[in-house]
Amino acid sequence: MKVGVIGGGAWGTGLSTAVVRAGNSVLVWVREQEIADGINQMHETPYLSDVKLDFAIVATNDLSELQYMDLLLFVVPSRFSRGVLKEMAKWEKCPSIVMCTKGIEANTAHFMADVVREELPDVSVAVLGGPQFAGEVAQGMETWTMIAAKDKKLNELAKQAVDSDNFHVVLSDDVVGVQLCGAGKNVVALAVGYIAGAGGGENARAGQMALAWKEIVNLGLVMGAKMETFLDIPGLGDLVLSATSVTGRNYLTGFMLGQGKTMQQIHDEKPMLSEGVEAIKAILILADRYKIDMPIIRKIGRLIHG
């Protein structure tokens with residue numbers, strides 16, 4: 001099976017290793033020629049500097065080459081996703097897509113699968129979620145993930161792309177729930193990190209995590225998501241990983257915010273992309289749309305966005 005990975009950052013590279021371990025060939029698209037050269041010639045990437053990549057991972061900076069794959073894993077940050085999808089709309093054909101970006105488009109509050117449908121209306125789409133630090137996936141450490149699609153054939157194809165002895169795939173049809181979990185856990189991680197940075201103890205962090213997650217769940221149920229998803233791999237699993245690990249980007253952003261630093265200072269010190277910063281705008285739009293009270297998340301949103 002030929003699998004294309006669109007986005008060669010840490011998560012895209014980690015997923016590429018999962019594809020190879022599943023017995024498939026992989027072609028990774030990255031914008032920067034030097035990153036592609038590093039993967040092809042040195043079998044390394046600055047995004048996962050301590051990992052030696054498999055020789056079977058091949059990279060390109062020509063996006064159009066990926067139109068000939070059997071399946072695509074889309075791993076571009078949410079703020080850049082629509083632009084890349086518009087480029088893909090120029091292709092003669094486009095394979096089915098598994099959306100692996102855990103975010104929501106900030107200004108429209110559209111889930112990423114919906115953005116795919118808007119730009120590529122004839123393309124089938126699935127979504128992926130769960131607790132997956134890219135470095136551990138790249139090192140072959142045991143990982144669980146959930147893939148959700150309304151199309152059962154696409155679900156099975158997506159599972160075939162990445163499922164292996166140490167990358168376990170569970171299938172679902174709750175596309176809304178998996179996506180909201182992926183975006184919502186990043187926002188909760190910001191809130192928990194903020195409490196820690198402001199000097200709160202373990203009790204306060206645990207309470208903050210539970211109360212903020214309840215706000216996300218309440219929103220999801222009104223939107224038609226299944227309660228079981230919030231208790232499963234993409235929900236509780238990813239929440240615990242993101243909101244308790246001090247190495248997570250969202251937790252760290254919240255932590256620095258709690259120390260009294262501005263978002264500009266945080267960006268200057270740690271020029272990292274925190275999906276939660278974008279997602280919180282969209283989630284608050286959805287909260288207003290569905291009339292869901294979100295006092296904790298709204299406070300964090302005010303701190304981040306002025």
# chains A, B, ... in the order shown; residues from 1 in each chain; ligands from 1

$ select_by_dssp --residues "segment 44-235 of chain A" --states "alpha helix (DSSP H)" --output "ChimeraX atom specification"
/A:78-88,112-119,134-138,152-162,175-197,202-222,227-230

$ write_last_selection --atoms "C-alpha atoms" --output "mmCIF file, in the first residue's frame"
data_model
loop_
_atom_site.group_PDB
_atom_site.id
_atom_site.type_symbol
_atom_site.label_atom_id
_atom_site.label_comp_id
_atom_site.auth_asym_id
_atom_site.auth_seq_id
_atom_site.Cartn_x
_atom_site.Cartn_y
_atom_site.Cartn_z
ATOM 1 C CA SER A 78 -4.961 23.792 11.287
ATOM 2 C CA ARG A 79 -4.097 27.394 10.461
ATOM 3 C CA PHE A 80 -2.355 26.294 7.237
ATOM 4 C CA SER A 81 -4.615 23.380 6.279
ATOM 5 C CA ARG A 82 -7.073 25.156 3.995
ATOM 6 C CA GLY A 83 -4.266 26.641 1.913
ATOM 7 C CA VAL A 84 -2.710 23.219 1.341
ATOM 8 C CA LEU A 85 -6.087 21.686 0.518
ATOM 9 C CA LYS A 86 -6.650 24.405 -2.098
ATOM 10 C CA GLU A 87 -3.368 23.340 -3.730
ATOM 11 C CA MET A 88 -4.550 19.722 -3.698
ATOM 12 C CA MET A 112 -10.844 19.872 9.866
ATOM 13 C CA ALA A 113 -12.857 17.114 8.188
ATOM 14 C CA ASP A 114 -15.413 19.780 7.210
ATOM 15 C CA VAL A 115 -12.649 21.953 5.756
ATOM 16 C CA VAL A 116 -11.598 18.977 3.610
ATOM 17 C CA ARG A 117 -15.173 18.515 2.388
ATOM 18 C CA GLU A 118 -15.443 22.225 1.535
ATOM 19 C CA GLU A 119 -12.242 22.271 -0.535
ATOM 20 C CA ALA A 134 5.467 11.887 18.051
ATOM 21 C CA GLY A 135 8.850 10.940 19.524
ATOM 22 C CA GLU A 136 7.479 7.794 21.137
ATOM 23 C CA VAL A 137 5.709 6.762 17.927
ATOM 24 C CA ALA A 138 8.927 7.303 15.962
ATOM 25 C CA LYS A 152 -16.495 1.478 6.849
ATOM 26 C CA LYS A 153 -14.258 0.715 3.862
ATOM 27 C CA LEU A 154 -12.263 3.883 4.480
ATOM 28 C CA ASN A 155 -11.959 2.983 8.168
ATOM 29 C CA GLU A 156 -10.479 -0.400 7.270
ATOM 30 C CA LEU A 157 -8.135 1.133 4.681
ATOM 31 C CA ALA A 158 -6.910 3.702 7.217
ATOM 32 C CA LYS A 159 -6.327 0.982 9.786
ATOM 33 C CA GLN A 160 -4.305 -1.002 7.264
ATOM 34 C CA ALA A 161 -2.109 2.062 6.698
ATOM 35 C CA VAL A 162 -0.776 2.312 10.269
ATOM 36 C CA VAL A 175 -16.259 11.737 13.558
ATOM 37 C CA VAL A 176 -17.456 14.762 15.553
ATOM 38 C CA GLY A 177 -16.436 13.321 18.916
ATOM 39 C CA VAL A 178 -12.924 12.320 17.872
ATOM 40 C CA GLN A 179 -12.277 15.773 16.414
ATOM 41 C CA LEU A 180 -13.643 17.685 19.400
ATOM 42 C CA CYS A 181 -11.585 15.525 21.753
ATOM 43 C CA GLY A 182 -8.431 16.260 19.745
ATOM 44 C CA ALA A 183 -8.973 20.007 19.835
ATOM 45 C CA GLY A 184 -10.538 20.186 23.296
ATOM 46 C CA LYS A 185 -7.774 18.349 25.147
ATOM 47 C CA ASN A 186 -5.295 20.956 23.879
ATOM 48 C CA VAL A 187 -7.432 23.722 25.343
ATOM 49 C CA VAL A 188 -7.747 21.901 28.681
ATOM 50 C CA ALA A 189 -3.963 21.416 28.717
ATOM 51 C CA LEU A 190 -3.578 25.204 28.429
ATOM 52 C CA ALA A 191 -5.878 25.674 31.428
ATOM 53 C CA VAL A 192 -4.083 23.078 33.563
ATOM 54 C CA GLY A 193 -0.665 24.444 32.585
ATOM 55 C CA TYR A 194 -1.843 27.919 33.573
ATOM 56 C CA ILE A 195 -2.767 26.743 37.081
ATOM 57 C CA ALA A 196 0.652 25.096 37.456
ATOM 58 C CA GLY A 197 2.507 28.179 36.226
ATOM 59 C CA GLU A 202 -1.722 18.967 42.313
ATOM 60 C CA ASN A 203 -5.236 19.330 43.767
ATOM 61 C CA ALA A 204 -5.903 22.501 41.809
ATOM 62 C CA ARG A 205 -4.539 21.042 38.556
ATOM 63 C CA ALA A 206 -6.656 17.889 38.862
ATOM 64 C CA GLY A 207 -9.761 19.927 39.637
ATOM 65 C CA GLN A 208 -9.108 22.292 36.755
ATOM 66 C CA MET A 209 -8.650 19.385 34.354
ATOM 67 C CA ALA A 210 -11.927 17.725 35.408
ATOM 68 C CA LEU A 211 -14.004 20.910 35.296
ATOM 69 C CA ALA A 212 -12.589 22.152 31.983
ATOM 70 C CA TRP A 213 -13.042 18.704 30.386
ATOM 71 C CA LYS A 214 -16.662 18.684 31.559
ATOM 72 C CA GLU A 215 -17.178 21.893 29.578
ATOM 73 C CA ILE A 216 -15.788 20.204 26.444
ATOM 74 C CA VAL A 217 -17.968 17.117 26.976
ATOM 75 C CA ASN A 218 -21.111 19.240 27.425
ATOM 76 C CA LEU A 219 -20.398 20.955 24.118
ATOM 77 C CA GLY A 220 -19.742 17.664 22.362
ATOM 78 C CA LEU A 221 -22.967 16.025 23.505
ATOM 79 C CA VAL A 222 -25.024 18.942 22.204
ATOM 80 C CA MET A 227 -20.245 10.071 25.447
ATOM 81 C CA GLU A 228 -18.160 6.908 25.074
ATOM 82 C CA THR A 229 -15.693 8.751 22.829
ATOM 83 C CA PHE A 230 -14.851 11.204 25.631
#

$ residues_around --residues "segment 22-31 of chain A" --least-positions-apart "3" --cutoff "10 Å" --atoms "only C-alpha atoms" --output "PDB file with N, CA, C and O atoms, in the first residue's frame"
ATOM      1  N   MET A   1       0.841  -1.195   0.000  1.00  0.00           N
ATOM      2  CA  MET A   1       0.000   0.000   0.000  1.00  0.00           C
ATOM      3  C   MET A   1       0.878   1.246   0.000  1.00  0.00           C
ATOM      4  O   MET A   1       1.837   1.348   0.759  1.00  0.00           O
ATOM      5  N   LYS A   2       0.571   2.202  -0.870  1.00  0.00           N
ATOM      6  CA  LYS A   2       1.339   3.446  -0.956  1.00  0.00           C
ATOM      7  C   LYS A   2       0.611   4.536  -0.172  1.00  0.00           C
ATOM      8  O   LYS A   2      -0.505   4.915  -0.517  1.00  0.00           O
ATOM      9  N   VAL A   3       1.266   5.032   0.867  1.00  0.00           N
ATOM     10  CA  VAL A   3       0.648   6.022   1.755  1.00  0.00           C
ATOM     11  C   VAL A   3       1.419   7.337   1.649  1.00  0.00           C
ATOM     12  O   VAL A   3       2.651   7.353   1.760  1.00  0.00           O
ATOM     13  N   GLY A   4       0.695   8.432   1.456  1.00  0.00           N
ATOM     14  CA  GLY A   4       1.311   9.748   1.454  1.00  0.00           C
ATOM     15  C   GLY A   4       1.048  10.446   2.770  1.00  0.00           C
ATOM     16  O   GLY A   4      -0.056  10.363   3.321  1.00  0.00           O
ATOM     17  N   VAL A   5       2.059  11.126   3.298  1.00  0.00           N
ATOM     18  CA  VAL A   5       1.912  11.904   4.527  1.00  0.00           C
ATOM     19  C   VAL A   5       2.131  13.370   4.167  1.00  0.00           C
ATOM     20  O   VAL A   5       3.214  13.752   3.713  1.00  0.00           O
ATOM     21  N   ILE A   6       1.107  14.179   4.358  1.00  0.00           N
ATOM     22  CA  ILE A   6       1.182  15.602   4.009  1.00  0.00           C
ATOM     23  C   ILE A   6       1.512  16.392   5.261  1.00  0.00           C
ATOM     24  O   ILE A   6       0.664  16.614   6.118  1.00  0.00           O
ATOM     25  N   GLY A   7       2.761  16.778   5.383  1.00  0.00           N
ATOM     26  CA  GLY A   7       3.253  17.493   6.555  1.00  0.00           C
ATOM     27  C   GLY A   7       4.365  16.710   7.214  1.00  0.00           C
ATOM     28  O   GLY A   7       4.127  15.621   7.741  1.00  0.00           O
ATOM     29  N   GLY A   8       5.577  17.254   7.180  1.00  0.00           N
ATOM     30  CA  GLY A   8       6.743  16.524   7.673  1.00  0.00           C
ATOM     31  C   GLY A   8       7.308  17.071   8.964  1.00  0.00           C
ATOM     32  O   GLY A   8       8.519  17.009   9.181  1.00  0.00           O
ATOM     33  N   GLY A   9       6.445  17.608   9.846  1.00  0.00           N
ATOM     34  CA  GLY A   9       6.903  18.012  11.165  1.00  0.00           C
ATOM     35  C   GLY A   9       7.090  16.782  12.040  1.00  0.00           C
ATOM     36  O   GLY A   9       7.176  15.651  11.561  1.00  0.00           O
ATOM     37  N   GLY A  12       3.997  14.336  11.695  1.00  0.00           N
ATOM     38  CA  GLY A  12       3.990  13.706  10.381  1.00  0.00           C
ATOM     39  C   GLY A  12       5.098  12.679  10.229  1.00  0.00           C
ATOM     40  O   GLY A  12       4.898  11.587   9.684  1.00  0.00           O
ATOM     41  N   THR A  13       6.265  13.013  10.741  1.00  0.00           N
ATOM     42  CA  THR A  13       7.385  12.077  10.679  1.00  0.00           C
ATOM     43  C   THR A  13       7.112  10.853  11.543  1.00  0.00           C
ATOM     44  O   THR A  13       7.395   9.713  11.150  1.00  0.00           O
ATOM     45  N   LEU A  15       4.184   9.567  12.288  1.00  0.00           N
ATOM     46  CA  LEU A  15       3.214   8.741  11.589  1.00  0.00           C
ATOM     47  C   LEU A  15       3.852   7.990  10.426  1.00  0.00           C
ATOM     48  O   LEU A  15       3.470   6.857  10.119  1.00  0.00           O
ATOM     49  N   SER A  16       4.841   8.593   9.783  1.00  0.00           N
ATOM     50  CA  SER A  16       5.535   7.922   8.683  1.00  0.00           C
ATOM     51  C   SER A  16       6.215   6.645   9.154  1.00  0.00           C
ATOM     52  O   SER A  16       6.225   5.631   8.451  1.00  0.00           O
ATOM     53  N   THR A  17       6.770   6.693  10.357  1.00  0.00           N
ATOM     54  CA  THR A  17       7.403   5.486  10.897  1.00  0.00           C
ATOM     55  C   THR A  17       6.353   4.413  11.174  1.00  0.00           C
ATOM     56  O   THR A  17       6.609   3.218  10.981  1.00  0.00           O
ATOM     57  N   ALA A  18       5.145   4.829  11.599  1.00  0.00           N
ATOM     58  CA  ALA A  18       4.069   3.869  11.839  1.00  0.00           C
ATOM     59  C   ALA A  18       3.637   3.212  10.530  1.00  0.00           C
ATOM     60  O   ALA A  18       3.338   2.006  10.493  1.00  0.00           O
ATOM     61  N   VAL A  19       3.599   3.988   9.464  1.00  0.00           N
ATOM     62  CA  VAL A  19       3.230   3.449   8.151  1.00  0.00           C
ATOM     63  C   VAL A  19       4.221   2.370   7.710  1.00  0.00           C
ATOM     64  O   VAL A  19       3.827   1.301   7.230  1.00  0.00           O
ATOM     65  N   GLU A  34      15.528  21.546   2.253  1.00  0.00           N
ATOM     66  CA  GLU A  34      16.579  21.047   3.142  1.00  0.00           C
ATOM     67  C   GLU A  34      16.063  19.961   4.086  1.00  0.00           C
ATOM     68  O   GLU A  34      16.813  19.038   4.440  1.00  0.00           O
ATOM     69  N   ILE A  35      14.790  20.050   4.481  1.00  0.00           N
ATOM     70  CA  ILE A  35      14.224  19.012   5.333  1.00  0.00           C
ATOM     71  C   ILE A  35      14.070  17.715   4.539  1.00  0.00           C
ATOM     72  O   ILE A  35      14.392  16.620   5.022  1.00  0.00           O
ATOM     73  N   ALA A  36      13.579  17.841   3.303  1.00  0.00           N
ATOM     74  CA  ALA A  36      13.443  16.666   2.440  1.00  0.00           C
ATOM     75  C   ALA A  36      14.801  16.020   2.188  1.00  0.00           C
ATOM     76  O   ALA A  36      14.945  14.792   2.243  1.00  0.00           O
ATOM     77  N   ILE A  39      15.944  14.044   5.257  1.00  0.00           N
ATOM     78  CA  ILE A  39      15.262  12.760   5.406  1.00  0.00           C
ATOM     79  C   ILE A  39      15.789  11.747   4.395  1.00  0.00           C
ATOM     80  O   ILE A  39      16.062  10.585   4.728  1.00  0.00           O
ATOM     81  N   ALA A  56      13.278   3.468   4.493  1.00  0.00           N
ATOM     82  CA  ALA A  56      12.098   3.367   3.630  1.00  0.00           C
ATOM     83  C   ALA A  56      11.280   4.651   3.603  1.00  0.00           C
ATOM     84  O   ALA A  56      10.384   4.793   2.771  1.00  0.00           O
ATOM     85  N   ILE A  57      11.554   5.593   4.515  1.00  0.00           N
ATOM     86  CA  ILE A  57      10.827   6.863   4.530  1.00  0.00           C
ATOM     87  C   ILE A  57      11.445   7.805   3.505  1.00  0.00           C
ATOM     88  O   ILE A  57      12.609   8.173   3.595  1.00  0.00           O
ATOM     89  N   VAL A  58      10.642   8.176   2.525  1.00  0.00           N
ATOM     90  CA  VAL A  58      11.100   9.043   1.429  1.00  0.00           C
ATOM     91  C   VAL A  58      10.332  10.359   1.503  1.00  0.00           C
ATOM     92  O   VAL A  58       9.128  10.372   1.772  1.00  0.00           O
ATOM     93  N   ALA A  59      11.044  11.456   1.241  1.00  0.00           N
ATOM     94  CA  ALA A  59      10.422  12.786   1.322  1.00  0.00           C
ATOM     95  C   ALA A  59      10.502  13.512  -0.015  1.00  0.00           C
ATOM     96  O   ALA A  59      11.394  13.247  -0.835  1.00  0.00           O
ATOM     97  N   THR A  60       9.562  14.435  -0.211  1.00  0.00           N
ATOM     98  CA  THR A  60       9.545  15.283  -1.402  1.00  0.00           C
ATOM     99  C   THR A  60       9.033  16.663  -1.022  1.00  0.00           C
ATOM    100  O   THR A  60       8.301  16.796  -0.035  1.00  0.00           O
ATOM    101  N   ASN A  61       9.403  17.680  -1.772  1.00  0.00           N
ATOM    102  CA  ASN A  61       8.788  18.994  -1.560  1.00  0.00           C
ATOM    103  C   ASN A  61       7.871  19.359  -2.732  1.00  0.00           C
ATOM    104  O   ASN A  61       7.459  20.503  -2.875  1.00  0.00           O
ATOM    105  N   ASP A  62       7.524  18.345  -3.545  1.00  0.00           N
ATOM    106  CA  ASP A  62       6.563  18.506  -4.635  1.00  0.00           C
ATOM    107  C   ASP A  62       5.248  17.867  -4.203  1.00  0.00           C
ATOM    108  O   ASP A  62       5.075  16.651  -4.259  1.00  0.00           O
ATOM    109  N   LEU A  63       4.314  18.694  -3.782  1.00  0.00           N
ATOM    110  CA  LEU A  63       3.047  18.199  -3.243  1.00  0.00           C
ATOM    111  C   LEU A  63       2.295  17.344  -4.256  1.00  0.00           C
ATOM    112  O   LEU A  63       1.638  16.358  -3.876  1.00  0.00           O
ATOM    113  N   SER A  64       2.379  17.666  -5.528  1.00  0.00           N
ATOM    114  CA  SER A  64       1.587  16.969  -6.543  1.00  0.00           C
ATOM    115  C   SER A  64       1.943  15.488  -6.667  1.00  0.00           C
ATOM    116  O   SER A  64       1.141  14.691  -7.154  1.00  0.00           O
ATOM    117  N   GLU A  65       3.128  15.097  -6.214  1.00  0.00           N
ATOM    118  CA  GLU A  65       3.521  13.681  -6.291  1.00  0.00           C
ATOM    119  C   GLU A  65       2.615  12.799  -5.442  1.00  0.00           C
ATOM    120  O   GLU A  65       2.470  11.597  -5.695  1.00  0.00           O
ATOM    121  N   LEU A  66       1.967  13.382  -4.431  1.00  0.00           N
ATOM    122  CA  LEU A  66       1.178  12.566  -3.510  1.00  0.00           C
ATOM    123  C   LEU A  66      -0.214  12.227  -4.037  1.00  0.00           C
ATOM    124  O   LEU A  66      -0.932  11.433  -3.425  1.00  0.00           O
ATOM    125  N   MET A  69      -0.875   8.358  -4.531  1.00  0.00           N
ATOM    126  CA  MET A  69      -0.874   7.426  -3.406  1.00  0.00           C
ATOM    127  C   MET A  69      -2.236   6.725  -3.281  1.00  0.00           C
ATOM    128  O   MET A  69      -3.228   7.157  -3.844  1.00  0.00           O
ATOM    129  N   LEU A  71      -3.637   6.323  -0.237  1.00  0.00           N
ATOM    130  CA  LEU A  71      -4.283   6.983   0.903  1.00  0.00           C
ATOM    131  C   LEU A  71      -3.375   8.103   1.379  1.00  0.00           C
ATOM    132  O   LEU A  71      -2.148   7.997   1.291  1.00  0.00           O
ATOM    133  N   LEU A  72      -3.987   9.160   1.913  1.00  0.00           N
ATOM    134  CA  LEU A  72      -3.216  10.283   2.423  1.00  0.00           C
ATOM    135  C   LEU A  72      -3.468  10.477   3.911  1.00  0.00           C
ATOM    136  O   LEU A  72      -4.614  10.435   4.368  1.00  0.00           O
ATOM    137  N   LEU A  73      -2.406  10.709   4.677  1.00  0.00           N
ATOM    138  CA  LEU A  73      -2.507  11.137   6.067  1.00  0.00           C
ATOM    139  C   LEU A  73      -2.180  12.624   6.090  1.00  0.00           C
ATOM    140  O   LEU A  73      -1.074  13.022   5.715  1.00  0.00           O
ATOM    141  N   PHE A  74      -3.113  13.445   6.531  1.00  0.00           N
ATOM    142  CA  PHE A  74      -2.965  14.902   6.478  1.00  0.00           C
ATOM    143  C   PHE A  74      -2.558  15.408   7.851  1.00  0.00           C
ATOM    144  O   PHE A  74      -3.298  15.257   8.821  1.00  0.00           O
ATOM    145  N   VAL A  75      -1.365  16.026   7.939  1.00  0.00           N
ATOM    146  CA  VAL A  75      -0.798  16.383   9.246  1.00  0.00           C
ATOM    147  C   VAL A  75      -0.317  17.833   9.241  1.00  0.00           C
ATOM    148  O   VAL A  75       0.681  18.175   9.883  1.00  0.00           O
ATOM    149  N   VAL A  76      -1.009  18.699   8.520  1.00  0.00           N
ATOM    150  CA  VAL A  76      -0.643  20.116   8.447  1.00  0.00           C
ATOM    151  C   VAL A  76      -1.365  20.863   9.571  1.00  0.00           C
ATOM    152  O   VAL A  76      -2.547  20.622   9.813  1.00  0.00           O
ATOM    153  N   LYS A 159      -6.934   1.871   8.797  1.00  0.00           N
ATOM    154  CA  LYS A 159      -6.327   0.982   9.786  1.00  0.00           C
ATOM    155  C   LYS A 159      -5.164   0.215   9.176  1.00  0.00           C
ATOM    156  O   LYS A 159      -4.098   0.070   9.780  1.00  0.00           O
ATOM    157  N   GLN A 160      -5.360  -0.266   7.958  1.00  0.00           N
ATOM    158  CA  GLN A 160      -4.305  -1.002   7.264  1.00  0.00           C
ATOM    159  C   GLN A 160      -3.054  -0.145   7.067  1.00  0.00           C
ATOM    160  O   GLN A 160      -1.930  -0.653   7.048  1.00  0.00           O
ATOM    161  N   ALA A 161      -3.243   1.164   6.972  1.00  0.00           N
ATOM    162  CA  ALA A 161      -2.109   2.062   6.698  1.00  0.00           C
ATOM    163  C   ALA A 161      -1.139   2.157   7.868  1.00  0.00           C
ATOM    164  O   ALA A 161       0.064   2.327   7.662  1.00  0.00           O
ATOM    165  N   VAL A 162      -1.642   2.034   9.114  1.00  0.00           N
ATOM    166  CA  VAL A 162      -0.776   2.312  10.269  1.00  0.00           C
ATOM    167  C   VAL A 162      -0.783   1.240  11.349  1.00  0.00           C
ATOM    168  O   VAL A 162       0.067   1.248  12.239  1.00  0.00           O
ATOM    169  N   ASP A 163      -1.733   0.322  11.318  1.00  0.00           N
ATOM    170  CA  ASP A 163      -1.869  -0.661  12.400  1.00  0.00           C
ATOM    171  C   ASP A 163      -0.719  -1.663  12.402  1.00  0.00           C
ATOM    172  O   ASP A 163      -0.362  -2.220  11.366  1.00  0.00           O
ATOM    173  N   SER A 164      -0.128  -1.878  13.586  1.00  0.00           N
ATOM    174  CA  SER A 164       0.971  -2.838  13.719  1.00  0.00           C
ATOM    175  C   SER A 164       0.998  -3.355  15.146  1.00  0.00           C
ATOM    176  O   SER A 164       0.133  -3.022  15.961  1.00  0.00           O
ATOM    177  N   ASP A 165       2.002  -4.160  15.468  1.00  0.00           N
ATOM    178  CA  ASP A 165       2.092  -4.750  16.807  1.00  0.00           C
ATOM    179  C   ASP A 165       2.256  -3.705  17.901  1.00  0.00           C
ATOM    180  O   ASP A 165       1.923  -3.955  19.059  1.00  0.00           O
ATOM    181  N   ASN A 166       2.793  -2.511  17.559  1.00  0.00           N
ATOM    182  CA  ASN A 166       2.990  -1.492  18.585  1.00  0.00           C
ATOM    183  C   ASN A 166       2.260  -0.180  18.284  1.00  0.00           C
ATOM    184  O   ASN A 166       2.441   0.799  18.994  1.00  0.00           O
ATOM    185  N   PHE A 167       1.443  -0.171  17.243  1.00  0.00           N
ATOM    186  CA  PHE A 167       0.598   0.992  16.948  1.00  0.00           C
ATOM    187  C   PHE A 167      -0.819   0.452  16.735  1.00  0.00           C
ATOM    188  O   PHE A 167      -1.169   0.003  15.650  1.00  0.00           O
TER     189      PHE A 167
END

$ select_by_dssp --residues "segment 90-287 of chain A" --states "strand (DSSP E)" --output "MDAnalysis selection string"
chainID A and resid 97:99 125:129 143:148 167:172

$ closest_residue --among "A:Val20, A:Ala10, A:Ala225, A:Val98" --to "Asp50 of chain A" --atoms "only C-alpha atoms"
A:Ala10

$ residues_around --residues "Thr108 of chain A" --least-positions-apart "2" --cutoff "12 Å" --atoms "only C-alpha atoms" --output "number ranges by chain"
A: 78-79, 82, 104-106, 110-112, 114-115, 278-279, 281-286, 289

$ atom_distance --atom1 "atom CA of Ala89 of chain A" --atom2 "atom CA of Trp11 of chain A"
23.7 Å

$ closest_residue --among "A:Met272, A:Ala287, A:Ile304, A:Ile280" --to "Pro77 of chain A" --atoms "only C-alpha atoms"
A:Met272

$ closest_residue --among "A:His267, A:Asp232, A:Lys150, A:Gly14" --to "Lys52 of chain A" --atoms "only C-alpha atoms"
A:Gly14

$ closest_residue --among "A:Gln139, A:Gln41, A:Asn107, A:Thr262" --to "Arg21 of chain A" --atoms "only C-alpha atoms"
A:Gln139
